[in-house]
Amino acid sequence: MQSVLRSRIMYAYIVTLLLGLALLYFADPVLKEISLALDANTLTAKSRDLISSFASALVFFAVFVMSRRIPAMIGPGTAGYFLSKPLSRTRLLTYTLLSSMIVNASIIGLCMAIFGAALLIILPAGPSGADIALQISLEILVLMIYAPILFFLGLLTRSGSYAFMICFTIWLVAWVLPGREGFLMFFNSDILSALADALYYVLPKSSKIVEFAYPRVSGLQAGLDWMPIWSSALSALGAYGLGIIRFRRMDL
Amino acid sequence: MQMLGAPNGYNRTSRKYSLTFFEAPRSRVTYYKSMTSSVAPLRADSISKTYRGVLGGKGIQALKGVSLELKPGEIFGLLGPNGAGKTTLVKVALDILSADSGQCWLFGLPAKNARTRLRVGYLPENHRFPPRLTGRGLLQLTGRLHGMADDQINRRADELLERVGMSRWAGTRITKYSKGMAQRVGIAQALIHDPDLVILDEPTDGIDPVGRAEVGEIIRELKSAGKTALLNSHALAEIEQICDRVAILHKGEVLRVGDVSEMTAIGLQYVLTGSFGVLTSDPPPEVAVALEKSDERLVVRVSSEDKLDQLTDWLRSRGASIRSLTQRKHTLEEVFMEMIDKGKGPG
Ligand SMILES: Nc1ncnc2c1ncn2[C@@H]1O[C@H](COP(=O)(O)OP(=O)(O)OP(=O)(O)O)[C@@H](O)[C@H]1O
Ligand SMILES: [Mg+2]
């Protein structure tokens, strides 16, 4: 744990947290004024966006850290050290993944909790503590779903930067896929739309996961949609399985 | 390196690294430790390995059917020019690489079985240990990966850091070490769990002459504690002094395996020094054949060792005086050079 705390990336988290809090502090009078003018729904939507963008910054760092974890472990000179220990590769990968997930989720959770608490104090009329907690959990869930994918990409490319870039691309694609009907119209190609459909089901549905909280937060009691969460969890499990298969076959 | 009694009760500093997940179940440690050790610590059965080229292109065949067997309690040297396949063989034995054909066994169990490595300590070549760790941190992590208890790890870490002369730098990050310093803690981490087989890939690489002697000393201690060691090295003079047996590997094939003393002996040739100017004739052929003769030096070949008494009697009776008598040997280096040159060309 100390080695994590001593690392440089911690400064990034702390700075982001401080920036976020400073932003809230300076925006405080404005927010208060606006909050009087806005109805409850718009206000919750606004604060939701605020939490979202703050979460994005933190998740960005976490993804960065996670993408380097595997390439560092299997890099030349380091692989021999870890693989010569009495742990099967399955265990080694699983333990590394779990420890990485727990450490990153805790750090992000802590930062977000502080930010959420500050928001609660500033906007008493805004979303409730439970709503904020739900949204924070979902943001972290998205990160957890991307963790095995990052590890798999790290095993595949053996490079932190490539893993990061490919993961970012996947995330972008997964972001636009729910609205695929909109642009597929222009192509009128069955193959393309079948491909987009397949991708939609295979890739994690990060945007949809975060939307899970919307009906509740915006007070619309529409049915909660669990499907994206299950299907994304499956995607993550799939990536984990592929990662293990890949790792067990790898020459290092 | 037997476990000494707890020195000055090292106070249990915090568990520094967040890798507690890595602990191997302890029951297995005791189980494997208690197994009797009459089986070969390492056995390789016709191992072949080709590093595949990019996109299935022509690869490099690093090992071509290598077979080897270590005996319990011996120090074994794996020699060969650069690119001979020494590191590749060791990596196959540790399941870091998988062989294309053939099988490796550690203590009678397939090397694919991760648990066999509980009894193995390894110093990788060109290692790069997790960079954020300190020297002591590395030993602690290694101990934990081997399923050791914390107090045991700390006691042993102190002992080993002292042994490799790194106590003063135990709290410094490995990234700030010189090459030889990193190598020293590298050797210490290979020994943390008191392994029965220690594999050291170029252990003296980057270590100063005093340190080299110390490393030699550590390896001899291992032997006297009944451990087996496998050394990959280019320092032939050191290997010659330390190892019981060596294998010479060249272009992925074993050229020769054998006792160091056997390899370096050249029949029964002896070098005598003294004053031989008084001699008017060569020794009688039934006693010894003179190969070289000068006033101070005489090189002879005898048919058996008991002829030596006859030879010295004959020399003394002729008024010659003898100051020393030694068996003539090749150095391991000469043997090595000859093996490698013999029609095979450099690696
Ligand atoms: N990762 C790799 N990818 C492709 N080829 C490799 C790889 N590692 C080693 N080789 C090749 O395999 C052969 C044997 O290499 P190896 O490292 O086993 O030699 P070595 O005997 O340990 O040499 P040295 O004394 O220099 O350490 C060499 O020809 C080398 O080019
Ligand atoms: Mg080598």
# chains A, B, ... in the order shown; residues from 1 in each chain; ligands from 1
>>> residues_around(residues="range 83-87 of chain A", least_positions_apart="6", cutoff="10 Å", atoms="only C-alpha atoms", output="JSON, numbers by chain")
{"A": [73, 74, 93, 252], "B": [22, 23, 24, 29, 91, 93, 94, 95, 96, 97, 113, 114, 115, 116, 117, 118, 119, 120, 121, 122, 123, 124, 142, 143, 144, 145, 146, 147]}
>>> closest_atom_pairs(of="chain B", to="ligand 2", cutoff="9 Å", atoms="only C-alpha atoms and all ligand atoms", output="JSON lines")
{"residue": "B:Asn82", "atom": "CA", "partner": "ligand 2", "partner_atom_place_in_ligand_line": "1 (Mg)", "distance": 6.9}
{"residue": "B:Gly83", "atom": "CA", "partner": "ligand 2", "partner_atom_place_in_ligand_line": "1 (Mg)", "distance": 6.9}
{"residue": "B:Ala84", "atom": "CA", "partner": "ligand 2", "partner_atom_place_in_ligand_line": "1 (Mg)", "distance": 8.0}
{"residue": "B:Gly85", "atom": "CA", "partner": "ligand 2", "partner_atom_place_in_ligand_line": "1 (Mg)", "distance": 6.9}
{"residue": "B:Lys86", "atom": "CA", "partner": "ligand 2", "partner_atom_place_in_ligand_line": "1 (Mg)", "distance": 5.4}
{"residue": "B:Thr87", "atom": "CA", "partner": "ligand 2", "partner_atom_place_in_ligand_line": "1 (Mg)", "distance": 4.0}
{"residue": "B:Thr88", "atom": "CA", "partner": "ligand 2", "partner_atom_place_in_ligand_line": "1 (Mg)", "distance": 7.2}
{"residue": "B:Val90", "atom": "CA", "partner": "ligand 2", "partner_atom_place_in_ligand_line": "1 (Mg)", "distance": 8.9}
{"residue": "B:Pro124", "atom": "CA", "partner": "ligand 2", "partner_atom_place_in_ligand_line": "1 (Mg)", "distance": 8.9}
{"residue": "B:Glu125", "atom": "CA", "partner": "ligand 2", "partner_atom_place_in_ligand_line": "1 (Mg)", "distance": 6.3}
{"residue": "B:Asn126", "atom": "CA", "partner": "ligand 2", "partner_atom_place_in_ligand_line": "1 (Mg)", "distance": 8.6}
{"residue": "B:Asp201", "atom": "CA", "partner": "ligand 2", "partner_atom_place_in_ligand_line": "1 (Mg)", "distance": 6.7}
{"residue": "B:Glu202", "atom": "CA", "partner": "ligand 2", "partner_atom_place_in_ligand_line": "1 (Mg)", "distance": 7.3}
{"residue": "B:Asn232", "atom": "CA", "partner": "ligand 2", "partner_atom_place_in_ligand_line": "1 (Mg)", "distance": 7.1}
{"residue": "B:Ser233", "atom": "CA", "partner": "ligand 2", "partner_atom_place_in_ligand_line": "1 (Mg)", "distance": 8.2}
>>> residues_around(residues="range 223-234 of chain A", least_positions_apart="4", cutoff="7 Å", atoms="only C-alpha atoms", output="compact mmCIF listing (two decimals) with N, CA, C and O atoms, in the first residue's frame")
# COMPACT_ATOMS: atom_id res chain seq x y z
N ILE A 145 -15.30 -2.71 -14.68
CA ILE A 145 -15.60 -3.52 -15.85
C ILE A 145 -14.50 -3.37 -16.89
O ILE A 145 -14.16 -4.30 -17.61
N LEU A 203 -19.31 -5.50 -26.40
CA LEU A 203 -18.58 -4.49 -25.63
C LEU A 203 -19.37 -4.08 -24.39
O LEU A 203 -20.59 -4.23 -24.34
N PRO A 204 -18.67 -3.58 -23.39
CA PRO A 204 -19.39 -3.11 -22.20
C PRO A 204 -20.22 -1.87 -22.53
O PRO A 204 -19.88 -1.11 -23.43
N LYS A 205 -21.31 -1.74 -21.82
CA LYS A 205 -22.21 -0.61 -22.12
C LYS A 205 -22.05 0.45 -21.04
O LYS A 205 -22.92 0.66 -20.20
N LYS A 208 -24.69 3.26 -20.71
CA LYS A 208 -25.97 2.77 -20.21
C LYS A 208 -25.91 2.46 -18.72
O LYS A 208 -26.90 2.58 -18.00
N ILE A 209 -24.73 2.03 -18.28
CA ILE A 209 -24.59 1.71 -16.86
C ILE A 209 -24.81 2.98 -16.04
O ILE A 209 -25.53 2.99 -15.04
N PHE A 212 -28.22 4.08 -15.61
CA PHE A 212 -29.01 3.27 -14.71
C PHE A 212 -29.57 4.13 -13.57
O PHE A 212 -30.68 3.95 -13.11
N GLY A 238 -15.56 -12.14 -19.78
CA GLY A 238 -15.00 -12.66 -21.03
C GLY A 238 -13.56 -12.19 -21.20
O GLY A 238 -12.66 -12.98 -21.53
>>> residues_around(residues="Asp259 in chain B", least_positions_apart="6", cutoff="8 Å", atoms="only C-alpha atoms", output="ChimeraX atom specification")
/B:244-246
>>> closest_atom_pairs(of="chain A", to="chain B", cutoff="10 Å", atoms="only C-alpha atoms", output="JSON lines")
{"residue": "A:Met1", "atom": "CA", "partner": "B:Ser18", "partner_atom": "CA", "distance": 4.3}
{"residue": "A:Gln2", "atom": "CA", "partner": "B:Lys16", "partner_atom": "CA", "distance": 5.8}
{"residue": "A:Ser3", "atom": "CA", "partner": "B:Tyr17", "partner_atom": "CA", "distance": 6.2}
{"residue": "A:Val4", "atom": "CA", "partner": "B:Ser18", "partner_atom": "CA", "distance": 7.9}
{"residue": "A:Arg6", "atom": "CA", "partner": "B:Arg132", "partner_atom": "CA", "distance": 8.8}
{"residue": "A:Ser7", "atom": "CA", "partner": "B:Arg132", "partner_atom": "CA", "distance": 8.1}
{"residue": "A:Ala72", "atom": "CA", "partner": "B:Pro130", "partner_atom": "CA", "distance": 8.2}
{"residue": "A:Met73", "atom": "CA", "partner": "B:Pro130", "partner_atom": "CA", "distance": 7.9}
{"residue": "A:Gly75", "atom": "CA", "partner": "B:Arg128", "partner_atom": "CA", "distance": 8.6}
{"residue": "A:Pro76", "atom": "CA", "partner": "B:Arg128", "partner_atom": "CA", "distance": 7.5}
{"residue": "A:Gly77", "atom": "CA", "partner": "B:His127", "partner_atom": "CA", "distance": 4.1}
{"residue": "A:Thr78", "atom": "CA", "partner": "B:Arg128", "partner_atom": "CA", "distance": 5.1}
{"residue": "A:Ala79", "atom": "CA", "partner": "B:Ile96", "partner_atom": "CA", "distance": 7.9}
{"residue": "A:Gly80", "atom": "CA", "partner": "B:Pro124", "partner_atom": "CA", "distance": 6.0}
{"residue": "A:Tyr81", "atom": "CA", "partner": "B:Pro124", "partner_atom": "CA", "distance": 6.6}
{"residue": "A:Phe82", "atom": "CA", "partner": "B:Leu145", "partner_atom": "CA", "distance": 8.6}
{"residue": "A:Leu83", "atom": "CA", "partner": "B:Ile96", "partner_atom": "CA", "distance": 6.0}
{"residue": "A:Ser84", "atom": "CA", "partner": "B:Leu94", "partner_atom": "CA", "distance": 5.8}
{"residue": "A:Lys85", "atom": "CA", "partner": "B:Arg117", "partner_atom": "CA", "distance": 6.1}
{"residue": "A:Pro86", "atom": "CA", "partner": "B:Arg117", "partner_atom": "CA", "distance": 4.8}
{"residue": "A:Leu87", "atom": "CA", "partner": "B:Ala114", "partner_atom": "CA", "distance": 5.4}
{"residue": "A:Ser88", "atom": "CA", "partner": "B:Ala114", "partner_atom": "CA", "distance": 5.2}
{"residue": "A:Arg89", "atom": "CA", "partner": "B:Ala114", "partner_atom": "CA", "distance": 8.4}
{"residue": "A:Arg91", "atom": "CA", "partner": "B:Phe22", "partner_atom": "CA", "distance": 8.3}
{"residue": "A:Leu92", "atom": "CA", "partner": "B:Phe22", "partner_atom": "CA", "distance": 7.4}
{"residue": "A:Thr94", "atom": "CA", "partner": "B:Phe21", "partner_atom": "CA", "distance": 9.5}
{"residue": "A:Tyr95", "atom": "CA", "partner": "B:Phe21", "partner_atom": "CA", "distance": 5.9}
{"residue": "A:Thr96", "atom": "CA", "partner": "B:Phe21", "partner_atom": "CA", "distance": 8.1}
{"residue": "A:Leu98", "atom": "CA", "partner": "B:Phe21", "partner_atom": "CA", "distance": 8.5}
{"residue": "A:Ser99", "atom": "CA", "partner": "B:Leu19", "partner_atom": "CA", "distance": 7.2}
{"residue": "A:Ser100", "atom": "CA", "partner": "B:Ser18", "partner_atom": "CA", "distance": 9.5}
{"residue": "A:Val103", "atom": "CA", "partner": "B:Ser18", "partner_atom": "CA", "distance": 8.6}
{"residue": "A:Arg248", "atom": "CA", "partner": "B:Ser98", "partner_atom": "CA", "distance": 9.8}
{"residue": "A:Arg249", "atom": "CA", "partner": "B:Ser98", "partner_atom": "CA", "distance": 8.1}
{"residue": "A:Met250", "atom": "CA", "partner": "B:Leu97", "partner_atom": "CA", "distance": 7.6}
{"residue": "A:Asp251", "atom": "CA", "partner": "B:Leu97", "partner_atom": "CA", "distance": 4.8}
{"residue": "A:Leu252", "atom": "CA", "partner": "B:Ile96", "partner_atom": "CA", "distance": 5.8}
>>> atom_distance(atom1="CA of Phe247 in chain A", atom2="atom 31 (O, counted along the ligand's line) of ligand 1")
22.6 Å
>>> closest_atom_pairs(of="range 114-231 of chain B", to="range 59-73 of chain B", cutoff="6 Å", atoms="only C-alpha atoms", output="Markdown table")
| residue | atom | partner | partner_atom | distance |
| --- | --- | --- | --- | --- |
| B:Lys223 | CA | B:Gly73 | CA | 5.9 |
| B:Gly226 | CA | B:Gly73 | CA | 4.9 |
| B:Lys227 | CA | B:Gly73 | CA | 4.9 |
| B:Thr228 | CA | B:Gly73 | CA | 4.4 |
>>> write_last_selection(atoms="all heavy atoms", output="compact mmCIF listing (two decimals), in the first residue's frame")
# COMPACT_ATOMS: atom_id res chain seq x y z
N LYS B 223 26.24 -25.43 -0.75
CA LYS B 223 26.60 -26.83 -0.97
C LYS B 223 26.77 -27.55 0.36
O LYS B 223 26.28 -28.66 0.55
CB LYS B 223 27.88 -26.91 -1.78
CG LYS B 223 28.30 -28.34 -2.12
CD LYS B 223 29.57 -28.30 -2.92
CE LYS B 223 30.32 -29.62 -2.86
NZ LYS B 223 29.62 -30.71 -3.53
N GLY B 226 23.83 -28.78 1.87
CA GLY B 226 23.13 -29.83 1.13
C GLY B 226 22.23 -29.34 0.01
O GLY B 226 21.41 -30.09 -0.51
N LYS B 227 22.38 -28.07 -0.37
CA LYS B 227 21.55 -27.53 -1.44
C LYS B 227 22.21 -27.79 -2.79
O LYS B 227 23.41 -28.03 -2.87
CB LYS B 227 21.37 -26.02 -1.28
CG LYS B 227 21.03 -25.59 0.12
CD LYS B 227 19.65 -26.02 0.49
CE LYS B 227 19.29 -25.47 1.86
NZ LYS B 227 18.05 -26.05 2.34
N THR B 228 21.39 -27.68 -3.84
CA THR B 228 21.90 -27.84 -5.19
C THR B 228 21.92 -26.46 -5.84
O THR B 228 21.04 -25.65 -5.58
CB THR B 228 20.99 -28.77 -5.99
OG1 THR B 228 20.71 -29.91 -5.19
CG2 THR B 228 21.63 -29.20 -7.28
>>> residues_around(residues="range 296-301 of chain B", least_positions_apart="6", cutoff="7 Å", atoms="only C-alpha atoms", output="number ranges by chain")
B: 268-276, 288-290
>>> atom_distance(atom1="CA of Ala237 in chain B", atom2="CA of Ser178 in chain B")
24.5 Å
>>> closest_residue(among="A:Ala62, A:Gly241, A:Ser56, A:Pro124", to="Val210 in chain A", atoms="only C-alpha atoms")
A:Ser56
>>> select_by_dssp(residues="range 230-342 of chain B", states="strand (DSSP E)", output="JSON, numbers by chain")
{"B": [230, 231, 232, 245, 246, 247, 248, 249, 250, 253, 254, 255, 256, 257, 258, 259, 265, 266, 267, 268, 269, 270, 271, 272, 273, 274, 275, 289, 290, 291, 292, 293, 297, 298, 299, 300, 301, 321, 322, 323, 324, 325, 326, 327, 328, 329]}
>>> select_by_dssp(residues="range 169-214 of chain A", states="alpha helix (DSSP H)", output="count of residues only")
33
>>> residues_around(residues="Val59 in chain A", least_positions_apart="6", cutoff="10 Å", atoms="only C-alpha atoms", output="list in words")
Tyr13, Ser53, Val65, Asn104, Ala105, Ile108, Glu139, Ile140, Val142 and Leu143 of chain A
>>> residues_around(residues="Cys243 in chain B", least_positions_apart="2", cutoff="12 Å", atoms="only C-alpha atoms", output="count of residues only")
36
>>> closest_residue(among="B:Asp100, B:Gly108, B:Ser48, B:Asp341", to="Leu255 in chain B", atoms="only C-alpha atoms")
B:Asp341
